[in-house]
>>> print(open('structure_27.txt').read())   # compact mmCIF, C-alpha atoms
# COMPACT_ATOMS: atom_id res chain seq x y z
CA ARG A 912 -34.60 -14.11 16.07
CA SER A 913 -33.21 -16.70 13.75
CA ILE A 914 -31.86 -16.00 10.26
CA LEU A 915 -30.94 -19.16 8.35
CA GLY A 916 -30.58 -20.99 11.66
CA TYR A 917 -28.28 -18.36 13.19
CA SER A 918 -29.07 -15.73 15.77
CA GLY A 919 -29.06 -12.17 14.50
CA LYS A 920 -25.80 -11.41 16.26
CA THR A 921 -24.02 -14.45 14.79
CA PHE A 922 -25.36 -13.66 11.32
CA ALA A 923 -24.15 -10.06 11.63
CA ARG A 924 -20.67 -11.31 12.60
CA TRP A 925 -20.55 -13.55 9.53
CA VAL A 926 -21.64 -10.68 7.28
CA LEU A 927 -19.04 -8.39 8.82
CA THR A 928 -16.33 -11.04 8.37
CA ILE A 929 -17.24 -11.45 4.71
CA LEU A 930 -17.28 -7.68 4.16
CA ILE A 931 -13.84 -7.33 5.77
CA GLY A 932 -12.51 -10.09 3.50
CA VAL A 933 -13.94 -8.42 0.40
CA GLY A 934 -12.49 -5.08 1.51
CA VAL A 935 -9.04 -6.59 2.01
CA ALA A 936 -9.27 -8.20 -1.44
CA PHE A 937 -10.12 -4.85 -3.02
CA VAL A 938 -7.19 -3.15 -1.28
CA ALA A 939 -4.83 -5.93 -2.40
CA ARG A 940 -6.06 -5.66 -5.99
CA PHE A 941 -5.64 -1.87 -5.85
CA LEU A 942 -2.08 -2.30 -4.56
CA GLN A 943 -1.28 -4.73 -7.36
CA PHE A 944 -2.78 -2.42 -10.00
CA MET A 945 -0.94 0.66 -8.73
CA ILE A 946 2.41 -1.14 -8.44
CA SER A 947 2.13 -2.51 -11.97
CA THR A 948 1.09 0.92 -13.30
CA VAL A 949 3.99 2.78 -11.68
CA SER A 950 6.46 0.06 -12.68
CA GLY A 951 5.01 -0.06 -16.19
CA ILE A 952 5.61 3.65 -16.68
CA ARG A 953 9.24 3.23 -15.64
CA ASN A 954 9.72 0.18 -17.83
CA SER A 955 8.18 1.78 -20.92
CA ILE A 956 10.45 4.81 -20.57
CA LEU A 957 13.46 2.53 -20.10
CA GLN A 958 12.45 0.57 -23.20
CA SER A 959 12.30 3.79 -25.19
CA PHE A 960 15.86 4.57 -24.05
CA PHE A 961 17.06 1.26 -25.45
CA ASP A 962 14.94 1.50 -28.63
CA GLU A 963 16.41 4.93 -29.44
CA GLY A 964 19.92 3.59 -28.96
CA ARG A 965 20.83 5.87 -26.11
CA PRO A 966 23.82 4.91 -23.96
CA ASP A 967 23.22 2.50 -21.10
CA THR A 968 24.44 5.13 -18.65
CA HIS A 969 21.44 7.33 -19.53
CA ALA A 970 19.07 4.43 -18.88
CA PHE A 971 20.76 3.65 -15.58
CA ALA A 972 20.67 7.32 -14.52
CA PHE A 973 16.93 7.45 -15.29
CA PHE A 974 16.33 4.16 -13.47
CA ALA A 975 18.19 5.33 -10.36
CA THR A 976 16.56 8.78 -10.37
CA TYR A 977 13.04 7.44 -10.90
CA ASN A 978 13.42 4.92 -8.09
CA LEU A 979 14.98 7.53 -5.80
CA ILE A 980 11.98 9.82 -6.37
CA LEU A 981 9.59 6.97 -5.53
CA VAL A 982 11.47 6.12 -2.33
CA LEU A 983 11.64 9.77 -1.29
CA GLY A 984 7.91 10.17 -1.93
CA GLY A 985 7.05 7.25 0.32
CA THR A 986 9.53 8.36 2.96
CA LEU A 987 8.34 11.97 3.04
CA MET A 988 4.69 10.88 3.25
CA THR A 989 5.49 8.69 6.24
CA VAL A 990 7.67 11.22 8.03
CA TYR A 991 5.56 14.33 7.52
CA LEU A 992 1.96 13.17 6.98
CA GLU A 993 1.62 10.23 9.38
CA PRO A 994 4.64 9.05 11.41
CA SER A 995 2.55 6.30 13.03
CA ALA A 996 2.39 4.60 9.61
CA ALA A 997 6.09 3.74 9.92
CA ALA A 998 5.38 0.91 12.36
CA GLY A 999 4.60 -2.56 11.12
CA GLY A 1000 1.19 -2.55 12.73
CA ILE A 1001 0.87 -6.06 14.15
CA PRO A 1002 2.17 -5.31 17.69
CA GLU A 1003 0.09 -2.13 17.79
CA LEU A 1004 -3.03 -3.99 16.66
CA LYS A 1005 -2.46 -6.71 19.27
CA ALA A 1006 -2.13 -4.05 21.95
CA TYR A 1007 -5.31 -2.36 20.73
CA LEU A 1008 -7.24 -5.63 20.76
CA ASN A 1009 -6.02 -6.26 24.32
CA GLY A 1010 -7.54 -2.95 25.44
CA THR A 1011 -4.59 -0.57 25.22
CA HIS A 1012 -5.21 2.76 23.53
CA VAL A 1013 -2.78 3.14 20.63
CA LYS A 1014 -2.79 6.66 19.24
CA ASN A 1015 -3.52 7.08 15.50
CA LEU A 1016 -3.62 3.32 14.86
CA LEU A 1017 -6.78 3.07 12.78
CA ARG A 1018 -6.88 6.57 11.31
CA LEU A 1019 -7.75 6.78 7.64
CA ARG A 1020 -4.66 8.90 7.02
CA ALA A 1021 -2.38 6.24 8.52
CA ILE A 1022 -3.98 3.52 6.42
CA LEU A 1023 -3.70 5.58 3.22
CA VAL A 1024 -0.06 6.44 3.92
CA LYS A 1025 0.65 2.74 4.48
CA ILE A 1026 -1.05 1.81 1.20
CA PHE A 1027 0.64 4.47 -0.94
CA GLY A 1028 3.97 4.03 0.84
CA THR A 1029 3.81 0.33 0.01
CA VAL A 1030 3.04 1.12 -3.63
CA LEU A 1031 5.95 3.52 -3.90
CA SER A 1032 8.47 1.32 -2.11
CA VAL A 1033 7.61 -1.87 -4.02
CA ALA A 1034 7.42 -0.05 -7.38
CA SER A 1035 10.87 1.41 -6.71
CA VAL A 1036 12.29 -2.14 -6.55
CA LEU A 1037 13.05 -1.58 -2.89
CA ALA A 1038 12.99 -4.77 -0.90
CA ALA A 1039 10.10 -4.20 1.52
CA GLY A 1040 8.59 -6.68 3.91
>>> encode(input="structure_27.txt", output="structure tokens")
Amino acid sequence: RSILGYSGKTFARWVLTILIGVGVAFVARFLQFMISTVSGIRNSILQSFFDEGRPDTHAFAFFATYNLILVLGGTLMTVYLEPSAAAGGIPELKAYLNGTHVKNLLRLRAILVKIFGTVLSVASVLAAG
């Protein structure tokens, strides 16, 4: 059959490609929203430290502690919930596409740990990437 001049299989591939693109855009927007929310909470608390005239050492101690908690949260999620999320993903995905079975590569838990680990590491001002 022909749909808009394309075979059904070709049309389905185009629809799937568009849906994947929209899904990636939603995940990216979610990442941006979560990072700005977590960072905004930290920044508003830091601003209140300065507005109240507290010593700079208190603000620095809060900043270091808050960021340490974020980094530990992302680290503990990766280590204990899904260790396969620690890998970058590109070599594993290439191996998978070449026919090699890669354990836990496309599990929902691994993807969620990658997303929330990215949020926590970037919001903690940790250089990631």
>>> residues_around(input="structure_27.txt", residues="segment 1016-1021 of chain A", least_positions_apart="6", cutoff="10 Å", atoms="only C-alpha atoms", output="list in words")
Met988, Thr989, Leu992, Glu993, Pro994, Ser995, Ala996, Ala997, Ala998, Gly1000, Glu1003, Leu1004 and Tyr1007 of chain A
>>> residues_around(input="structure_27.txt", residues="segment 967-975 of chain A", least_positions_apart="6", cutoff="12 Å", atoms="only C-alpha atoms", output="PyMOL selection string")
chain A and resi 950+952-961+981-982+1034-1037
>>> atom_distance(input="structure_27.txt", atom1="atom CA of Pro966 of chain A", atom2="atom CA of Ser1032 of chain A")
26.9 Å
>>> closest_residue(input="structure_27.txt", among="A:Val1033, A:Leu1008, A:Leu983, A:Val1013", to="Val949 of chain A", atoms="all atoms listed in the file")
A:Val1033
>>> closest_residue(input="structure_27.txt", among="A:Ile1001, A:Ala1006, A:Ala939, A:Ile980", to="Leu1031 of chain A", atoms="only C-alpha atoms")
A:Ile980
>>> atom_distance(input="structure_27.txt", atom1="atom CA of Leu987 of chain A", atom2="atom CA of Gly934 of chain A")
27.0 Å
>>> atom_distance(input="structure_27.txt", atom1="atom CA of Val938 of chain A", atom2="atom CA of Val1024 of chain A")
13.0 Å
